[in-house]
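Trainee: Have a look at this one.
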Amino acid sequence: MYKGVRTVAVEDIEMARISGPTDALLKITSAAICGSDLHMYDGRTNFEVGRSLGHEIMGVIESIGDAVTQIKPGDRVVLPFNIGCGDCFNCGRGYSNACLVANPETAGAGYVYTGMGPYQGGQAQYIRVPFADYNCLKVPGTAYDELEDNFILLEDIFPTAYHATEPAKVDLGSTVAIYGAGPVGLLAAMSSQIKGVSEIYVVDSVPARLDKVKQIGAILINFKDGSPVEQIKDKRKHNKRVQESLRPGDDKMPGVMCGIDAVGYQAHDEGNSDMDRPTQVTDDLVDLVNPTGALGIIGAFMPQDPGGVDAEAKQGVYEIPWGKLWEKGLQVGTGQAPVKKYNVLLRGLILAGKANPDIIVSHDMLIEGAPDAYQKFDRRSDGYTKVILKPNQE
Ligand SMILES: NC(=O)c1ccc[n+]([C@@H]2O[C@H](COP(=O)([O-])OP(=O)(O)OC[C@H]3O[C@@H](n4cnc5c(N)ncnc54)[C@H](O)[C@@H]3O)[C@@H](O)[C@H]2O)c1
Ligand SMILES: [Zn+2]
Ligand SMILES: [Zn+2]
């Protein structure tokens, strides 16, 4: 439960229950802590004190409402972090991230996220699942088996990371730069590998995370060693094979074709990582990505940020180098990922042994460990890359 800035506590709350015929009740086996939870934890949203947390959830169905036909008690399921109704104009077109029914306030609902409806959090023992037939992704096996930590990443991080590669137009042979080696950035690198790219650079400064970049087979760039834009351009300039294949004029494309922001508005200033600079990554990507390239801005930006660096940032208003972006003809995609568009397909890769996203998981623990885990994950210390809580284990 969120108790105020950088404070969470484990408390007894009212038991979740079915409240409509299309609901199910889920007994939770795994609930992950997300970089998105940290925006609320850090007091950088208008999230209310006293609400429960957690939108990355899997478990076993305990009971179902009268109108649920596809899912039954005992089924092992993963929940997309977006809650969709399945039938509205947006869900019908595959945009389950912008459901028009599940959130009475606006387009888009989710388990306990700021601005995403009245739902409870899943870092808990049980949760009510609305529109259960539409929202549950069935997975095989039994609770806590060897694939549990792969499956839990199908709720948000793996589909979100894969989704980031779509607006960035990552494709066969692409050159890709990813900012952020948190769970989303690392799995965006894995997704880029799956798509068959030629070069991937991943930028961060946290040593344990940069080690994982190497494991995924990408090139690590530490922004503490100097401007990542220059480092990447330099690596390409000194790549003899790349240089020897250029034709006259090709030197006007010194960067990469695809850029992914997996950091968002809490980006650190590259010159002083104790300071925030919300536009650091967008500024870099507009500089680094070649003319006719594309950007996937999957890192979060908020319409309200009580801790924003100035009055405009507090309203989610930032300066973007629009002239340069326009001149280069860059395409830009933003927003929440529509998890359901990808989770079935990515599940297939896990089942076939062709993707192992769980290499990013650093810690599995009982829910009592959550206050300490939030603190360490927030500080990116002690190798805390991805934490999975087990709320029903003792
Ligand atoms: N769009 C979506 O649907 C969606 C879903 C999940 C997460 N997100 C967002 O994606 C972002 C990443 O999530 P995560 O779980 O990986 O979070 P995270 O906080 O663990 O990772 C962010 C990483 O960015 C690094 N970083 C900070 N400033 C940097 C800079 N200037 N250059 C390069 N790296 C920098 C940090 O060191 C950290 O490792 C968050 O903003 C999160 O809210 C979006
Ligand atoms: Zn998440
Ligand atoms: Zn809908």
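Just remember, in the structure tokens the first chain shown is A, the second B, etc., residues are 1-based per chain, and ligands are 1-based in the order shown.
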Hey, which residues come within 7 Å of ligand 3 if we count only C-alpha atoms and all ligand atoms? Could you give them as a ChimeraX atom specification?
Mentor: /A:84-91,96,99-102
Trainee: If the limit is 8 Å from any atom of ligand 1, counting only C-alpha atoms and all ligand atoms, which residues qualify? Return them as a ChimeraX atom specification.
Mentor: /A:34-39,156-157,160-161,164,179-186,203-206,209,223,261-270,273,276-277,280-281,297-301,334-339,377-378,380,385-386
Trainee: Can you measure CA of Leu346 in chain A to CA of Asn97 in chain A for me? One decimal in Å is fine.
Mentor: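 Atom-to-atom, CA of Leu346 in chain A to CA of Asn97 in chain A, that is 17.5 Å.
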Trainee: Going by DSSP on the backbone, which residues of range 12-139 of chain A come out as alpha helix (DSSP H)? List them as a list in words.
Mentor: Gly35, Ser36, Asp37, Leu38, His39, Met40, Tyr41, Phe89, Asn90, Cys91, Gly92, Ala132, Asp133, Tyr134 and Asn135 of chain A
Trainee: Keeping only C-alpha atoms, write the selected residues as a CSV table (one decimal), in the first residue's frame.
Mentor:
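See selection35.csv below for the written result:
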```
chain,number,residue,atom,x,y,z
A,35,GLY,CA,9.4,1.0,-13.1
A,36,SER,CA,6.0,2.6,-13.5
A,37,ASP,CA,5.2,1.9,-9.8
A,38,LEU,CA,8.3,4.0,-9.0
A,39,HIS,CA,6.7,7.2,-10.5
A,40,MET,CA,4.0,6.9,-7.9
A,41,TYR,CA,6.4,5.7,-5.2
A,89,PHE,CA,-14.5,0.9,-30.5
A,90,ASN,CA,-10.9,0.8,-29.3
A,91,CYS,CA,-10.8,-2.7,-27.9
A,92,GLY,CA,-12.4,-3.9,-31.1
A,132,ALA,CA,-12.4,-12.0,-17.3
A,133,ASP,CA,-13.0,-13.8,-20.5
A,134,TYR,CA,-11.2,-11.0,-22.5
A,135,ASN,CA,-8.5,-10.1,-20.0
```
Trainee: Neighbours of range 224-235 of chain A within 7 Å (only C-alpha atoms; same-chain residues fewer than 2 positions away dropped), as a list in words?
Mentor: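 So, after excluding close chain neighbours, the residues are Val203, Ser205, Ile221, Asn222, Lys237, His238, Asn239, Pro254, Gly255, Glu270, Asp284 and Leu288 of chain A.
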Trainee: Work out how far CA of Ala24 in chain A is from CA of Arg347 in chain A, in Å to one decimal.
Mentor: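 So the two atoms, CA of Arg347 in chain A and CA of Ala24 in chain A, lie 21.6 Å apart.
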Trainee: State, in Å with one decimal place, the distance from CA of Lys390 in chain A to CA of Asn103 in chain A.
Mentor: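 Going from CA of Lys390 in chain A over to CA of Asn103 in chain A, I get 27.9 Å.
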Trainee: Using only C-alpha atoms, find the one residue out of A:Lys340, A:Arg44, A:Arg76, A:Arg379 that sits nearest to Val309 in chain A.
Mentor: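 So, comparing all the options, the nearest one is A:Arg44.
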Trainee: Find the residues near Gly259 in chain A: any atom within 9 Å, counting only C-alpha atoms, skip ones fewer than 6 places away on the same chain, and give them as number ranges by chain.
Mentor: A: 165, 168-170, 175-179, 285-286, 288-289, 293-297
Trainee: Please dump the current selection as a short mmCIF file (atom, residue, chain, number, x, y, z; two decimals), in the first residue's frame; keep C-alpha atoms.
Mentor:
```cif
data_model
loop_
_atom_site.label_atom_id
_atom_site.label_comp_id
_atom_site.auth_asym_id
_atom_site.auth_seq_id
_atom_site.Cartn_x
_atom_site.Cartn_y
_atom_site.Cartn_z
CA THR A 165 10.00 -1.72 -31.36
CA ALA A 168 10.49 2.67 -33.77
CA LYS A 169 10.10 0.60 -36.98
CA VAL A 170 12.59 -2.03 -35.82
CA THR A 175 20.22 -0.33 -36.42
CA VAL A 176 18.71 0.43 -33.00
CA ALA A 177 19.52 2.63 -30.00
CA ILE A 178 17.66 1.98 -26.74
CA TYR A 179 17.84 4.41 -23.83
CA LEU A 285 17.19 10.57 -29.96
CA VAL A 286 16.31 13.45 -32.27
CA LEU A 288 21.04 10.38 -32.99
CA VAL A 289 18.37 8.93 -35.26
CA GLY A 293 14.13 7.10 -39.01
CA ALA A 294 11.58 6.50 -36.24
CA LEU A 295 11.22 6.85 -32.47
CA GLY A 296 9.28 4.67 -30.01
CA ILE A 297 8.70 6.72 -26.86
#
```
Trainee: In range 142-300 of chain A, what's strand (DSSP E or B) per DSSP? Answer as number ranges by chain?
Mentor: A: 175-179, 199-204, 219-222, 256-261, 268-269, 272-276, 289-297
Trainee: May I have the residues from that selection written out with C-alpha atoms, as a PDB file, in the first residue's frame?
Mentor:
```pdb
ATOM      1  CA  THR A 175      20.222  -0.332 -36.423  1.00  0.00           C
ATOM      2  CA  VAL A 176      18.709   0.431 -33.000  1.00  0.00           C
ATOM      3  CA  ALA A 177      19.521   2.627 -29.997  1.00  0.00           C
ATOM      4  CA  ILE A 178      17.659   1.978 -26.744  1.00  0.00           C
ATOM      5  CA  TYR A 179      17.843   4.409 -23.827  1.00  0.00           C
ATOM      6  CA  GLU A 199      23.151  -3.464 -34.403  1.00  0.00           C
ATOM      7  CA  ILE A 200      21.713  -2.636 -30.962  1.00  0.00           C
ATOM      8  CA  TYR A 201      23.131  -0.054 -28.561  1.00  0.00           C
ATOM      9  CA  VAL A 202      21.683   0.182 -25.026  1.00  0.00           C
ATOM     10  CA  VAL A 203      22.373   3.261 -22.883  1.00  0.00           C
ATOM     11  CA  ASP A 204      22.320   3.395 -19.049  1.00  0.00           C
ATOM     12  CA  ILE A 219      26.441  -3.102 -27.242  1.00  0.00           C
ATOM     13  CA  LEU A 220      26.467  -1.253 -23.926  1.00  0.00           C
ATOM     14  CA  ILE A 221      26.908   2.507 -23.709  1.00  0.00           C
ATOM     15  CA  ASN A 222      27.526   4.074 -20.293  1.00  0.00           C
ATOM     16  CA  VAL A 256      20.947   4.716 -36.212  1.00  0.00           C
ATOM     17  CA  MET A 257      17.561   4.289 -37.888  1.00  0.00           C
ATOM     18  CA  CYS A 258      15.503   3.301 -34.835  1.00  0.00           C
ATOM     19  CA  GLY A 259      15.412   4.980 -31.408  1.00  0.00           C
ATOM     20  CA  ILE A 260      13.631   3.741 -28.282  1.00  0.00           C
ATOM     21  CA  ASP A 261      13.056   5.766 -25.108  1.00  0.00           C
ATOM     22  CA  HIS A 268      18.704  11.710 -15.453  1.00  0.00           C
ATOM     23  CA  ASP A 269      20.846  14.495 -16.792  1.00  0.00           C
ATOM     24  CA  ASN A 272      24.952  15.009 -13.576  1.00  0.00           C
ATOM     25  CA  SER A 273      22.999  11.838 -12.873  1.00  0.00           C
ATOM     26  CA  ASP A 274      21.782  13.212  -9.516  1.00  0.00           C
ATOM     27  CA  MET A 275      19.614  15.656 -11.491  1.00  0.00           C
ATOM     28  CA  ASP A 276      16.504  14.984 -13.574  1.00  0.00           C
ATOM     29  CA  VAL A 289      18.371   8.935 -35.259  1.00  0.00           C
ATOM     30  CA  ASN A 290      19.069   9.390 -38.970  1.00  0.00           C
ATOM     31  CA  PRO A 291      16.783  11.254 -41.399  1.00  0.00           C
ATOM     32  CA  THR A 292      13.692   9.106 -42.241  1.00  0.00           C
ATOM     33  CA  GLY A 293      14.132   7.096 -39.011  1.00  0.00           C
ATOM     34  CA  ALA A 294      11.582   6.505 -36.241  1.00  0.00           C
ATOM     35  CA  LEU A 295      11.217   6.855 -32.470  1.00  0.00           C
ATOM     36  CA  GLY A 296       9.281   4.669 -30.010  1.00  0.00           C
ATOM     37  CA  ILE A 297       8.695   6.722 -26.855  1.00  0.00           C
TER      38      ILE A 297
END
```
Trainee: Counting only C-alpha atoms, which of A:Asn82, A:Gln375, A:Thr282, A:Ser192 gets nearest to Ala98 in chain A?
Mentor: A:Asn82
Trainee: Write out as a list in words which residues come within 9 Å of Tyr126 in chain A when counting only C-alpha atoms, dropping same-chain ones fewer than 2 positions away.
Mentor: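 Result of the neighbour search: Met15, Ala16, Arg17, Leu25, Leu26, Lys27, Ile28, Gly59, Glu62, Gly122, Gln123, Ala124, Arg128, Pro391 and Asn392 of chain A.
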Trainee: For the selection you just gave me, I'd like the residues written to a file as a PDB file, in the first residue's frame, keeping N, CA and C atoms.
Mentor:
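File produced: result.pdb:
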```
ATOM      1  N   MET A  15     -10.961  -8.041   1.610  1.00  0.00           N
ATOM      2  CA  MET A  15     -10.773  -9.128   0.644  1.00  0.00           C
ATOM      3  C   MET A  15     -11.406  -8.747  -0.700  1.00  0.00           C
ATOM      4  N   ALA A  16     -10.660  -8.949  -1.798  1.00  0.00           N
ATOM      5  CA  ALA A  16     -11.210  -8.711  -3.139  1.00  0.00           C
ATOM      6  C   ALA A  16     -12.360  -9.684  -3.385  1.00  0.00           C
ATOM      7  N   ARG A  17     -13.362  -9.250  -4.155  1.00  0.00           N
ATOM      8  CA  ARG A  17     -14.460 -10.181  -4.431  1.00  0.00           C
ATOM      9  C   ARG A  17     -15.068  -9.890  -5.799  1.00  0.00           C
ATOM     10  N   LEU A  25     -12.320 -14.011  -9.777  1.00  0.00           N
ATOM     11  CA  LEU A  25     -11.457 -13.728  -8.628  1.00  0.00           C
ATOM     12  C   LEU A  25     -10.179 -14.544  -8.821  1.00  0.00           C
ATOM     13  N   LEU A  26      -9.037 -13.863  -8.724  1.00  0.00           N
ATOM     14  CA  LEU A  26      -7.751 -14.521  -8.961  1.00  0.00           C
ATOM     15  C   LEU A  26      -6.962 -14.615  -7.668  1.00  0.00           C
ATOM     16  N   LYS A  27      -6.439 -15.826  -7.380  1.00  0.00           N
ATOM     17  CA  LYS A  27      -5.494 -15.989  -6.278  1.00  0.00           C
ATOM     18  C   LYS A  27      -4.094 -15.778  -6.866  1.00  0.00           C
ATOM     19  N   ILE A  28      -3.396 -14.783  -6.361  1.00  0.00           N
ATOM     20  CA  ILE A  28      -2.163 -14.316  -7.013  1.00  0.00           C
ATOM     21  C   ILE A  28      -0.953 -15.153  -6.582  1.00  0.00           C
ATOM     22  N   GLY A  59      -1.697 -15.666 -11.597  1.00  0.00           N
ATOM     23  CA  GLY A  59      -2.135 -16.543 -10.520  1.00  0.00           C
ATOM     24  C   GLY A  59      -3.074 -17.614 -11.036  1.00  0.00           C
ATOM     25  N   GLU A  62      -9.761 -18.468  -8.826  1.00  0.00           N
ATOM     26  CA  GLU A  62     -10.394 -19.014  -7.625  1.00  0.00           C
ATOM     27  C   GLU A  62     -11.888 -19.246  -7.893  1.00  0.00           C
ATOM     28  N   GLY A 122      -2.507  -5.278  -7.504  1.00  0.00           N
ATOM     29  CA  GLY A 122      -2.273  -6.719  -7.499  1.00  0.00           C
ATOM     30  C   GLY A 122      -1.065  -7.164  -6.694  1.00  0.00           C
ATOM     31  N   GLN A 123      -0.400  -6.242  -5.988  1.00  0.00           N
ATOM     32  CA  GLN A 123       0.641  -6.702  -5.054  1.00  0.00           C
ATOM     33  C   GLN A 123      -0.112  -7.054  -3.773  1.00  0.00           C
ATOM     34  N   ALA A 124      -0.869  -8.147  -3.889  1.00  0.00           N
ATOM     35  CA  ALA A 124      -1.846  -8.562  -2.872  1.00  0.00           C
ATOM     36  C   ALA A 124      -2.111 -10.048  -3.058  1.00  0.00           C
ATOM     37  N   ARG A 128      -9.760  -8.850  -8.014  1.00  0.00           N
ATOM     38  CA  ARG A 128     -10.938  -8.977  -8.888  1.00  0.00           C
ATOM     39  C   ARG A 128     -10.496  -8.695 -10.319  1.00  0.00           C
ATOM     40  N   PRO A 391       2.889 -13.234  -3.128  1.00  0.00           N
ATOM     41  CA  PRO A 391       2.031 -12.844  -2.000  1.00  0.00           C
ATOM     42  C   PRO A 391       1.363 -13.997  -1.261  1.00  0.00           C
ATOM     43  N   ASN A 392       1.283 -15.173  -1.888  1.00  0.00           N
ATOM     44  CA  ASN A 392       0.614 -16.281  -1.193  1.00  0.00           C
ATOM     45  C   ASN A 392       1.590 -17.345  -0.714  1.00  0.00           C
TER      46      ASN A 392
END
```
Trainee: Rank nothing, just name the residue among A:Tyr113, A:Tyr119, A:Phe151, A:Tyr162 nearest to ligand 2, using only C-alpha atoms and all ligand atoms.
Mentor: A:Tyr113
Trainee: Measuring between only C-alpha atoms and all ligand atoms, which one of A:Glu105, A:Glu155, A:Asp12, A:Asp66 shows the shortest distance to ligand 2?
Mentor: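 That would be A:Glu155, the residue with the smallest distance to ligand 2.
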Trainee: Considering only C-alpha atoms, return as a ChimeraX atom specification whatever protein or nucleic-acid residues lie within 10 Å of Gly308 in chain A, sequence-local ones (same chain, fewer than 3 positions apart) excluded.
Mentor: /A:44-45,265-266,276-278,302,304-305,311-317
